[in-house]
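Chemist: Contents of input00.cif (mmCIF, C-alpha atoms and all ligand atoms) are below:
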```cif
data_start
#
loop_
_atom_site.label_atom_id
_atom_site.label_comp_id
_atom_site.auth_asym_id
_atom_site.auth_seq_id
_atom_site.Cartn_x
_atom_site.Cartn_y
_atom_site.Cartn_z
CA MET S 300 81.91 -11.14 282.34
CA ALA S 301 84.43 -8.78 283.92
CA GLU S 302 83.22 -5.23 284.45
CA ALA S 303 84.67 -2.88 281.82
CA GLY S 304 87.21 -0.49 283.37
CA PRO S 305 88.39 2.90 282.09
CA ARG S 306 89.93 2.86 278.60
CA TRP S 307 93.02 4.66 279.85
CA ALA S 308 94.47 5.48 283.26
CA LEU S 309 97.54 7.18 284.68
CA VAL S 310 99.13 7.47 288.12
CA CYS S 311 102.20 9.58 288.94
CA HIS S 312 104.28 10.22 292.06
CA GLY S 313 106.85 12.75 293.19
CA GLY S 314 108.45 10.80 296.01
CA ALA S 315 107.57 9.56 299.50
CA GLY S 316 109.04 10.46 302.86
CA ALA S 317 108.78 12.77 305.85
CA ILE S 318 105.96 14.81 304.29
CA SER S 319 103.38 16.03 306.83
CA ARG S 320 101.08 19.03 307.31
CA ASP S 321 103.29 20.55 309.99
CA ARG S 322 106.37 20.30 307.76
CA LEU S 323 104.99 21.80 304.54
CA ARG S 324 104.31 25.52 304.37
CA PRO S 325 100.96 26.37 302.68
CA GLU S 326 102.74 27.81 299.63
CA GLN S 327 104.85 24.65 299.33
CA GLU S 328 101.79 22.42 299.56
CA ALA S 329 100.02 24.51 296.90
CA ALA S 330 103.05 24.32 294.60
CA TYR S 331 103.25 20.52 294.89
CA ARG S 332 99.51 20.07 294.28
CA GLU S 333 99.66 22.34 291.25
CA ALA S 334 102.69 20.50 289.84
CA LEU S 335 101.07 17.07 290.26
CA THR S 336 97.89 18.37 288.60
CA THR S 337 99.85 19.71 285.61
CA VAL S 338 101.82 16.49 285.21
CA ALA S 339 98.83 14.15 285.49
CA ASN S 340 96.85 16.25 283.00
CA ALA S 341 99.77 16.28 280.55
CA GLY S 342 100.07 12.50 280.68
CA ALA S 343 96.30 12.14 280.38
CA ALA S 344 96.29 14.33 277.26
CA VAL S 345 98.65 11.87 275.54
CA LEU S 346 96.44 8.91 276.47
CA ARG S 347 93.19 10.68 275.57
CA ALA S 348 94.57 11.36 272.09
CA GLY S 349 95.28 7.64 271.63
CA GLY S 350 99.02 7.91 272.40
CA SER S 351 100.96 5.01 273.88
CA SER S 352 101.42 4.44 277.60
CA LEU S 353 105.18 4.63 277.00
CA ASP S 354 104.82 8.12 275.48
CA ALA S 355 102.54 9.26 278.32
CA VAL S 356 104.98 8.03 280.96
CA GLU S 357 107.94 9.74 279.26
CA ALA S 358 106.03 13.03 278.81
CA ALA S 359 104.87 13.11 282.44
CA ILE S 360 108.31 12.29 283.81
CA GLN S 361 110.04 14.90 281.62
CA LEU S 362 107.88 17.56 283.29
CA LEU S 363 108.70 16.21 286.75
CA GLU S 364 112.42 16.17 285.87
CA ASP S 365 112.29 19.83 284.81
CA ASP S 366 110.49 20.92 287.97
CA PRO S 367 112.98 21.81 290.75
CA LEU S 368 110.43 20.80 293.40
CA PHE S 369 111.30 17.16 292.76
CA ASN S 370 114.46 15.11 293.22
CA ALA S 371 114.99 14.20 289.54
CA GLY S 372 116.65 16.08 286.69
CA ARG S 373 116.76 19.79 287.63
CA GLY S 374 116.57 20.02 291.43
CA ALA S 375 118.19 16.61 292.03
CA VAL S 376 120.07 15.97 295.26
CA PHE S 377 123.88 16.08 295.38
CA THR S 378 126.45 13.37 295.98
CA ALA S 379 128.99 13.81 298.78
CA GLU S 380 131.37 15.24 296.13
CA GLY S 381 128.80 17.89 295.17
CA ARG S 382 127.91 16.22 291.87
CA ILE S 383 124.62 15.26 290.26
CA GLU S 384 124.24 11.54 289.43
CA LEU S 385 120.86 10.79 287.88
CA ASP S 386 119.19 7.39 287.50
CA ALA S 387 116.11 6.43 285.46
CA SER S 388 114.32 3.48 283.90
CA ILE S 389 111.30 2.80 281.71
CA MET S 390 109.51 -0.42 280.71
CA ASP S 391 106.95 -1.37 278.08
CA GLY S 392 104.42 -3.87 279.42
CA ALA S 393 103.39 -4.99 275.92
CA THR S 394 106.82 -6.29 274.87
CA LEU S 395 108.82 -6.34 278.15
CA ALA S 396 111.28 -4.01 276.42
CA ALA S 397 113.15 -2.02 279.07
CA GLY S 398 115.77 0.72 279.19
CA ALA S 399 117.69 2.23 282.09
CA VAL S 400 120.53 4.61 282.90
CA ALA S 401 122.53 5.17 286.08
CA GLY S 402 124.85 7.98 287.13
CA LEU S 403 124.07 10.51 284.37
CA SER S 404 125.43 13.99 285.02
CA THR S 405 124.91 15.95 281.80
CA THR S 406 121.66 14.67 280.25
CA ARG S 407 118.67 16.96 280.87
CA HIS S 408 116.02 14.21 280.72
CA PRO S 409 117.27 10.89 282.10
CA ILE S 410 113.90 9.26 281.34
CA SER S 411 114.43 9.98 277.64
CA ALA S 412 117.91 8.48 277.86
CA ALA S 413 116.32 5.35 279.35
CA ARG S 414 113.78 5.32 276.51
CA ALA S 415 116.60 5.73 273.98
CA VAL S 416 118.29 2.63 275.43
CA ILE S 417 115.24 0.66 274.25
CA ASP S 418 115.08 2.25 270.81
CA GLY S 419 118.77 2.83 270.06
CA SER S 420 120.78 0.02 271.68
CA ASP S 421 120.82 -3.73 272.27
CA HIS S 422 121.14 -3.21 276.01
CA VAL S 423 118.94 -2.61 279.05
CA LEU S 424 121.16 -0.68 281.51
CA LEU S 425 123.92 1.84 280.77
CA GLY S 426 125.97 3.63 283.45
CA GLY S 427 128.17 6.66 284.10
CA GLU S 428 129.99 8.66 281.43
CA GLY S 429 129.17 6.04 278.82
CA ALA S 430 125.46 6.54 279.44
CA ASP S 431 125.79 10.32 278.97
CA ALA S 432 127.84 9.74 275.80
CA PHE S 433 125.12 7.40 274.51
CA ALA S 434 122.44 10.00 275.29
CA ARG S 435 124.47 12.62 273.38
CA SER S 436 124.83 10.25 270.43
CA GLN S 437 121.04 9.91 270.39
CA GLY S 438 120.67 13.69 270.11
CA LEU S 439 119.35 14.18 273.65
CA GLU S 440 119.73 17.62 275.19
CA GLN S 441 122.76 18.12 277.45
CA ALA S 442 123.07 20.59 280.33
CA ASP S 443 125.78 22.13 282.54
CA PRO S 444 126.01 21.39 286.30
CA GLY S 445 124.51 24.86 286.96
CA PHE S 446 121.27 23.82 285.22
CA PHE S 447 120.61 21.07 287.75
CA PHE S 448 121.71 23.09 290.79
CA THR S 449 119.27 24.37 293.39
CA GLU S 450 120.20 26.10 296.62
CA ALA S 451 117.70 24.04 298.65
CA ARG S 452 119.38 20.75 297.68
CA TRP S 453 122.82 22.24 298.35
CA LYS S 454 121.71 23.19 301.88
CA SER S 455 120.45 19.61 302.39
CA LEU S 456 123.86 18.35 301.27
CA GLU S 457 125.67 20.65 303.70
CA ARG S 458 123.47 19.39 306.56
CA ALA S 459 123.99 15.73 305.59
CA LEU S 460 127.77 16.12 305.24
CA GLY S 461 127.89 17.92 308.59
CA LYS S 462 126.22 14.93 310.26
CA LEU S 463 128.60 12.53 308.51
CA GLY S 464 131.64 14.64 309.43
CA LEU S 465 132.60 14.95 305.74
CA PRO S 466 134.07 18.08 304.07
CA ILE S 467 131.82 20.43 302.08
CA PRO S 468 132.86 20.37 298.38
CA PRO S 469 133.02 23.54 296.26
CA LYS S 470 129.68 24.67 294.80
CA PRO S 471 129.20 23.92 291.09
CA LEU S 472 130.14 26.87 288.86
CA ASP S 473 127.40 28.99 287.29
CA ALA S 474 124.95 27.77 289.89
CA ALA S 475 121.59 29.43 289.26
CA SER S 476 118.47 29.15 291.37
CA ASP S 477 114.99 30.64 291.27
CA ALA S 478 112.02 31.34 293.52
CA ARG S 479 110.23 28.12 292.60
CA ALA S 480 113.28 26.04 293.50
CA ALA S 481 113.21 27.64 296.96
CA LEU S 482 109.82 25.95 297.55
CA ALA S 483 111.35 22.47 297.35
CA HIS S 484 110.71 20.48 300.52
CA ASP S 485 113.36 18.21 302.08
CA GLU S 486 111.63 14.84 302.36
CA GLY S 487 114.51 13.45 304.36
CA LYS S 488 117.50 12.83 302.07
CA ARG S 489 115.49 11.31 299.21
CA GLY S 490 112.73 11.75 296.65
CA THR S 491 112.04 10.36 293.19
CA VAL S 492 109.47 10.76 290.45
CA GLY S 493 107.54 8.10 288.58
CA CYS S 494 104.57 7.39 286.37
CA VAL S 495 102.54 4.35 285.30
CA ALA S 496 99.94 4.32 282.55
CA LEU S 497 97.42 2.21 280.64
CA ASP S 498 96.64 3.28 277.07
CA VAL S 499 93.55 2.72 274.90
CA HIS S 500 95.38 -0.13 273.13
CA GLY S 501 95.43 -2.08 276.41
CA ASN S 502 99.16 -1.68 277.06
CA VAL S 503 100.72 -0.64 280.37
CA ALA S 504 104.09 1.08 280.92
CA ALA S 505 106.09 2.30 283.91
CA GLY S 506 108.95 4.77 284.42
CA THR S 507 110.98 6.16 287.32
CA SER S 508 113.62 8.92 287.57
CA THR S 509 115.68 10.15 290.51
CA GLY S 510 118.74 11.96 291.79
CA GLY S 511 119.06 9.17 294.37
CA THR S 512 119.99 9.97 297.96
CA THR S 513 121.64 13.12 299.37
CA ALA S 514 125.38 12.72 300.02
CA LYS S 515 125.54 9.33 298.30
CA ARG S 516 129.09 8.05 297.77
CA TRP S 517 131.13 5.57 295.81
CA GLY S 518 128.87 5.55 292.75
CA ARG S 519 125.91 4.34 294.82
CA VAL S 520 122.96 3.27 292.65
CA GLY S 521 119.48 2.77 294.10
CA ASP S 522 116.44 0.85 292.91
CA SER S 523 115.12 3.45 290.44
CA PRO S 524 117.19 2.37 287.40
CA LEU S 525 116.90 -1.35 288.24
CA ILE S 526 114.21 -3.17 286.28
CA GLY S 527 112.30 -5.37 288.74
CA ALA S 528 113.26 -3.28 291.78
CA GLY S 529 112.13 0.32 291.15
CA THR S 530 110.25 -0.18 287.88
CA TYR S 531 108.41 -3.05 286.19
CA ALA S 532 105.66 -3.42 283.60
CA ALA S 533 103.99 -6.46 282.05
CA ASN S 534 100.59 -6.60 280.38
CA ALA S 535 100.11 -9.97 282.11
CA ALA S 536 100.12 -8.19 285.47
CA ALA S 537 100.58 -4.43 285.94
CA ALA S 538 102.94 -1.46 285.71
CA VAL S 539 104.69 -0.35 288.92
CA SER S 540 106.96 2.57 289.90
CA CYS S 541 108.57 2.79 293.35
CA THR S 542 110.06 5.44 295.61
CA GLY S 543 111.84 5.05 298.92
CA ALA S 544 114.94 3.57 300.52
CA GLY S 545 116.39 1.95 297.41
CA GLU S 546 118.51 -0.63 299.20
CA TYR S 547 115.35 -2.28 300.58
CA PHE S 548 113.46 -2.12 297.29
CA ILE S 549 116.38 -3.80 295.55
CA ARG S 550 116.55 -6.64 298.05
CA LEU S 551 112.82 -7.35 297.74
CA GLY S 552 112.57 -6.75 294.00
CA VAL S 553 109.49 -4.71 294.91
CA ALA S 554 108.14 -3.77 291.46
CA HIS S 555 108.45 -7.30 290.06
CA ARG S 556 107.23 -8.83 293.32
CA ILE S 557 103.97 -6.89 293.03
CA CYS S 558 103.56 -8.02 289.41
CA ALA S 559 104.29 -11.64 290.35
CA LEU S 560 101.64 -11.58 293.10
CA VAL S 561 99.10 -10.34 290.53
CA GLU S 562 100.13 -12.71 287.73
CA HIS S 563 100.89 -15.87 289.66
CA GLY S 564 99.34 -15.29 293.06
CA GLY S 565 95.93 -14.14 291.84
CA LEU S 566 95.92 -11.05 294.08
CA SER S 567 94.06 -7.92 293.05
CA LEU S 568 96.37 -4.99 292.29
CA GLN S 569 95.41 -3.13 295.49
CA ARG S 570 96.00 -6.21 297.66
CA ALA S 571 99.34 -6.88 295.96
CA VAL S 572 100.69 -3.34 296.54
CA GLU S 573 99.49 -3.37 300.15
CA ARG S 574 100.95 -6.78 300.83
CA VAL S 575 104.40 -5.82 299.51
CA VAL S 576 104.57 -2.31 301.02
CA GLN S 577 102.72 -2.73 304.33
CA GLN S 578 103.96 -6.27 305.08
CA ASP S 579 107.13 -7.27 303.20
CA LEU S 580 108.85 -3.86 302.96
CA THR S 581 107.82 -2.80 306.46
CA ALA S 582 108.98 -6.12 307.97
CA LEU S 583 112.40 -5.64 306.39
CA GLY S 584 112.62 -2.11 307.83
CA GLY S 585 112.33 -0.26 304.50
CA GLU S 586 110.37 2.94 303.95
CA GLY S 587 108.71 4.20 300.80
CA GLY S 588 105.78 3.79 298.46
CA VAL S 589 104.58 2.52 295.10
CA ILE S 590 102.08 3.42 292.40
CA ALA S 591 100.55 0.89 290.00
CA VAL S 592 98.02 0.40 287.21
CA ASP S 593 96.83 -2.80 285.54
CA PRO S 594 95.45 -3.50 282.03
CA HIS S 595 91.87 -3.41 283.45
CA GLY S 596 92.37 0.19 284.49
CA HIS S 597 92.66 -0.49 288.22
CA MET S 598 94.89 2.12 289.85
CA ALA S 599 96.61 1.62 293.20
CA TRP S 600 99.09 3.18 295.56
CA SER S 601 100.47 2.33 298.97
CA PHE S 602 103.18 3.86 301.19
CA ASN S 603 104.44 3.41 304.75
CA THR S 604 105.92 6.92 305.09
CA GLU S 605 104.15 10.00 306.43
CA GLY S 606 103.29 11.14 302.93
CA MET S 607 103.72 10.60 299.21
CA TYR S 608 103.20 13.18 296.45
CA ARG S 609 100.78 11.45 294.09
CA ALA S 610 98.01 11.88 291.52
CA ARG S 611 95.75 9.63 289.49
CA ILE S 612 93.37 10.19 286.62
CA ALA S 613 91.45 7.91 284.26
CA ASP S 614 89.00 8.04 281.39
CA GLY S 615 85.68 9.15 282.91
CA GLU S 616 87.19 9.56 286.38
CA PRO S 617 88.24 12.82 288.04
CA LEU S 618 91.78 13.79 288.87
CA VAL S 619 92.75 12.91 292.46
CA VAL S 620 95.82 14.55 294.01
CA GLY S 621 97.19 13.49 297.40
CA ILE S 622 100.11 14.31 299.64
CA TYR S 623 99.29 13.16 303.18
CA GLU S 624 98.42 9.74 304.56
CA ASP S 625 94.77 10.53 305.36
CA GLU S 626 93.87 11.51 301.77
CA SER S 627 92.20 8.98 299.44
N1 LIG S 701 114.49 5.14 295.52
C1 LIG S 701 115.42 6.23 295.38
C2 LIG S 701 116.81 5.71 295.59
O1 LIG S 701 117.01 4.91 296.48
C3 LIG S 701 115.17 7.35 296.31
C4 LIG S 701 113.73 7.67 296.61
O2 LIG S 701 112.85 7.21 295.93
O3 LIG S 701 113.45 8.42 297.56
O4 LIG S 701 117.70 6.14 294.90
#
```
What's the structure tokens form of this structure?

Modeler:
Amino acid sequence: MAEAGPRWALVCHGGAGAISRDRLRPEQEAAYREALTTVANAGAAVLRAGGSSLDAVEAAIQLLEDDPLFNAGRGAVFTAEGRIELDASIMDGATLAAGAVAGLSTTRHPISAARAVIDGSDHVLLGGEGADAFARSQGLEQADPGFFFTEARWKSLERALGKLGLPIPPKPLDAASDARAALAHDEGKRGTVGCVALDVHGNVAAGTSTGGTTAKRWGRVGDSPLIGAGTYAANAAAAVSCTGAGEYFIRLGVAHRICALVEHGGLSLQRAVERVVQQDLTALGGEGGVIAVDPHGHMAWSFNTEGMYRARIADGEPLVVGIYEDES
């Protein structure tokens, strides 16, 4: 008989990239560890109380979206035009129900807009102004450009546009920033947040939310709002959330590929994430990482960047927070 795993489990991430000890100041590192601890504990509280994996994923990601340390919601990176265009997706492994949004600019919590697509529409993916209008119609909180603005991300935009030889757009009006936002680290143009969870009912779920890439143009959309690329969940396999160079994750269908290796290839979850990240993604030249959980409570992560902000916690198991490559 299979060994009984934890009754619930949760893994979250805050992006992967050029994150190393010599790049992060001690106060930045402390802020990221504290944030990941808060988020993982909040998600765990939902699961411990018997809540659904979908609710835990949404709750954890809302906190990450509100935290200006991370490239999602408040603190998201800017497009070349100086706008915020937010992408998110969420998937229920029990039913394969999925919702996603791309290019939101006024909705405070894109992950909740993605969730509302499941509950309040017949669709899977909504984009642009229509997606914001849908979120409004569902009663989701709206915010001004100044709410999302942080000085650190604006500086990153100015640097990126300088390299590209593109003009600097005017700063959004009413731009406010605070001391915490100043601790945000530039992981190298990107960043994303995500969460995967298993609940006591045996169901897995996954969600991902991002501002995309600094200085993106032409309505560029990455992997994060694409079901199968940046997010996938199926009780027959696992729940997966990705972060990294979206164009590569899209071409490999990374999240679904991991699930397919588990469901049809018979690989353990850890072997499947390592195979796809360390072999397939690396061979294609893509950088990034993934987190995953399966219905047996196995938790896994893998990344081929210098670091990935990450945390995991499960019933009867202690919280583990990691940033650098040499941490467990
Ligand atoms: N995957 C995100 C995108 O390509 C960015 C990231 O995760 O760093 O939009």

Chemist: Taking all atoms listed in the file into account, list the residues no farther than 7 Å from ligand LIG 701 (chain S), as a list in words.

Modeler: Gly314, Ala315, Arg489, Gly490, Thr491, Thr509, Gly510, Gly511, Thr512, Val520, Gly521, Asp522, Ser523, Gly529, Cys541, Thr542, Gly543, Ala544, Gly545 and Glu546 of chain S

Chemist: Which distance in Å separates atom CA of S:Phe602 and atom CA of S:Ile526, to one decimal?

Modeler: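 These two atoms are separated by 19.8 Å.
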
Chemist: What is the atom CA of S:Lys515 to atom CA of S:Thr378 distance in Å?

Modeler: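 According to the coordinates, atom CA of S:Lys515 and atom CA of S:Thr378 are separated by 4.7 Å.
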
Chemist: For S:Ala536, find every residue with an atom within 6 Å (counting all atoms listed in the file), except residues of its own chain fewer than 5 positions away, and show them as a ChimeraX atom specification.

Modeler: /S:558,561-562

Chemist: What would the list of residues within 12 Å of (109.9, 6.5, 304.4) (file frame) look like as an MDAnalysis selection string, if only C-alpha atoms are what count?

Modeler: chainID S and resid 314:319 486:490 541:545 547:548 576:577 580:581 584:589 601:607 624

Chemist: Give me, please, the distance in Å between atom CA of S:Val338 and atom CA of S:His422, quoted to one decimal.

Modeler: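 Result for atom CA of S:Val338 versus atom CA of S:His422: 29.1 Å, one decimal.
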
Chemist: For S:Gln327, which residue out of S:Ala535, S:Glu450, S:Phe433, S:Phe369 is the nearest one, using all atoms listed in the file?

Modeler: S:Phe369

Chemist: Can you complete the atoms of stretch 457-468 of chain S to all heavy atoms and list them as a PDB file, in the coordinates of the input?

Modeler:
```pdb
ATOM      1  N   GLU S 457     124.808  20.120 302.629  1.00  0.00           N
ATOM      2  CA  GLU S 457     125.670  20.650 303.700  1.00  0.00           C
ATOM      3  C   GLU S 457     125.273  20.058 305.055  1.00  0.00           C
ATOM      4  O   GLU S 457     126.125  19.667 305.856  1.00  0.00           O
ATOM      5  CB  GLU S 457     125.601  22.177 303.723  1.00  0.00           C
ATOM      6  CG  GLU S 457     126.326  22.811 302.540  1.00  0.00           C
ATOM      7  CD  GLU S 457     126.253  24.326 302.522  1.00  0.00           C
ATOM      8  OE1 GLU S 457     125.362  24.910 303.187  1.00  0.00           O
ATOM      9  OE2 GLU S 457     127.083  24.930 301.834  1.00  0.00           O
ATOM     10  N   ARG S 458     123.949  19.970 305.282  1.00  0.00           N
ATOM     11  CA  ARG S 458     123.470  19.390 306.560  1.00  0.00           C
ATOM     12  C   ARG S 458     123.876  17.924 306.666  1.00  0.00           C
ATOM     13  O   ARG S 458     124.374  17.471 307.701  1.00  0.00           O
ATOM     14  CB  ARG S 458     121.935  19.496 306.636  1.00  0.00           C
ATOM     15  CG  ARG S 458     121.428  20.855 307.111  1.00  0.00           C
ATOM     16  CD  ARG S 458     119.967  20.758 307.544  1.00  0.00           C
ATOM     17  NE  ARG S 458     119.086  20.372 306.453  1.00  0.00           N
ATOM     18  CZ  ARG S 458     118.536  21.228 305.582  1.00  0.00           C
ATOM     19  NH1 ARG S 458     118.775  22.516 305.680  1.00  0.00           N
ATOM     20  NH2 ARG S 458     117.740  20.802 304.623  1.00  0.00           N
ATOM     21  N   ALA S 459     123.681  17.171 305.569  1.00  0.00           N
ATOM     22  CA  ALA S 459     123.990  15.730 305.590  1.00  0.00           C
ATOM     23  C   ALA S 459     125.487  15.504 305.787  1.00  0.00           C
ATOM     24  O   ALA S 459     125.895  14.639 306.573  1.00  0.00           O
ATOM     25  CB  ALA S 459     123.515  15.083 304.284  1.00  0.00           C
ATOM     26  N   LEU S 460     126.321  16.296 305.108  1.00  0.00           N
ATOM     27  CA  LEU S 460     127.770  16.120 305.240  1.00  0.00           C
ATOM     28  C   LEU S 460     128.229  16.496 306.643  1.00  0.00           C
ATOM     29  O   LEU S 460     129.137  15.866 307.204  1.00  0.00           O
ATOM     30  CB  LEU S 460     128.508  16.965 304.194  1.00  0.00           C
ATOM     31  CG  LEU S 460     128.332  16.506 302.735  1.00  0.00           C
ATOM     32  CD1 LEU S 460     129.014  17.475 301.781  1.00  0.00           C
ATOM     33  CD2 LEU S 460     128.881  15.096 302.531  1.00  0.00           C
ATOM     34  N   GLY S 461     127.576  17.528 307.224  1.00  0.00           N
ATOM     35  CA  GLY S 461     127.890  17.920 308.590  1.00  0.00           C
ATOM     36  C   GLY S 461     127.672  16.759 309.551  1.00  0.00           C
ATOM     37  O   GLY S 461     128.518  16.466 310.402  1.00  0.00           O
ATOM     38  N   LYS S 462     126.534  16.075 309.386  1.00  0.00           N
ATOM     39  CA  LYS S 462     126.220  14.930 310.260  1.00  0.00           C
ATOM     40  C   LYS S 462     127.209  13.793 310.068  1.00  0.00           C
ATOM     41  O   LYS S 462     127.555  13.069 310.998  1.00  0.00           O
ATOM     42  CB  LYS S 462     124.798  14.420 309.951  1.00  0.00           C
ATOM     43  CG  LYS S 462     123.728  15.266 310.617  1.00  0.00           C
ATOM     44  CD  LYS S 462     122.366  14.607 310.472  1.00  0.00           C
ATOM     45  CE  LYS S 462     121.271  15.633 310.676  1.00  0.00           C
ATOM     46  NZ  LYS S 462     120.073  15.394 309.906  1.00  0.00           N
ATOM     47  N   LEU S 463     127.666  13.626 308.811  1.00  0.00           N
ATOM     48  CA  LEU S 463     128.600  12.530 308.510  1.00  0.00           C
ATOM     49  C   LEU S 463     130.045  12.907 308.835  1.00  0.00           C
ATOM     50  O   LEU S 463     130.940  12.058 308.762  1.00  0.00           O
ATOM     51  CB  LEU S 463     128.506  12.169 307.015  1.00  0.00           C
ATOM     52  CG  LEU S 463     127.197  11.519 306.532  1.00  0.00           C
ATOM     53  CD1 LEU S 463     127.133  11.505 305.011  1.00  0.00           C
ATOM     54  CD2 LEU S 463     127.078  10.098 307.074  1.00  0.00           C
ATOM     55  N   GLY S 464     130.278  14.186 309.158  1.00  0.00           N
ATOM     56  CA  GLY S 464     131.640  14.640 309.430  1.00  0.00           C
ATOM     57  C   GLY S 464     132.499  14.675 308.176  1.00  0.00           C
ATOM     58  O   GLY S 464     133.726  14.521 308.239  1.00  0.00           O
ATOM     59  N   LEU S 465     131.868  14.902 307.016  1.00  0.00           N
ATOM     60  CA  LEU S 465     132.600  14.950 305.740  1.00  0.00           C
ATOM     61  C   LEU S 465     132.766  16.395 305.288  1.00  0.00           C
ATOM     62  O   LEU S 465     131.931  17.246 305.606  1.00  0.00           O
ATOM     63  CB  LEU S 465     131.839  14.151 304.666  1.00  0.00           C
ATOM     64  CG  LEU S 465     131.799  12.634 304.864  1.00  0.00           C
ATOM     65  CD1 LEU S 465     130.832  11.993 303.878  1.00  0.00           C
ATOM     66  CD2 LEU S 465     133.191  12.027 304.713  1.00  0.00           C
ATOM     67  N   PRO S 466     133.838  16.691 304.520  1.00  0.00           N
ATOM     68  CA  PRO S 466     134.070  18.080 304.070  1.00  0.00           C
ATOM     69  C   PRO S 466     133.018  18.534 303.053  1.00  0.00           C
ATOM     70  O   PRO S 466     132.466  17.722 302.312  1.00  0.00           O
ATOM     71  CB  PRO S 466     135.446  18.005 303.406  1.00  0.00           C
ATOM     72  CG  PRO S 466     135.630  16.572 303.036  1.00  0.00           C
ATOM     73  CD  PRO S 466     134.866  15.760 304.042  1.00  0.00           C
ATOM     74  N   ILE S 467     132.754  19.853 303.044  1.00  0.00           N
ATOM     75  CA  ILE S 467     131.820  20.430 302.080  1.00  0.00           C
ATOM     76  C   ILE S 467     132.577  20.701 300.775  1.00  0.00           C
ATOM     77  O   ILE S 467     133.556  21.455 300.796  1.00  0.00           O
ATOM     78  CB  ILE S 467     131.225  21.772 302.595  1.00  0.00           C
ATOM     79  CG1 ILE S 467     130.743  21.659 304.044  1.00  0.00           C
ATOM     80  CG2 ILE S 467     130.151  22.292 301.646  1.00  0.00           C
ATOM     81  CD1 ILE S 467     129.466  20.948 304.267  1.00  0.00           C
ATOM     82  N   PRO S 468     132.161  20.126 299.655  1.00  0.00           N
ATOM     83  CA  PRO S 468     132.860  20.370 298.380  1.00  0.00           C
ATOM     84  C   PRO S 468     132.542  21.759 297.840  1.00  0.00           C
ATOM     85  O   PRO S 468     131.580  22.390 298.293  1.00  0.00           O
ATOM     86  CB  PRO S 468     132.288  19.286 297.458  1.00  0.00           C
ATOM     87  CG  PRO S 468     130.943  18.982 298.026  1.00  0.00           C
ATOM     88  CD  PRO S 468     131.008  19.234 299.499  1.00  0.00           C
TER      89      PRO S 468
END
```
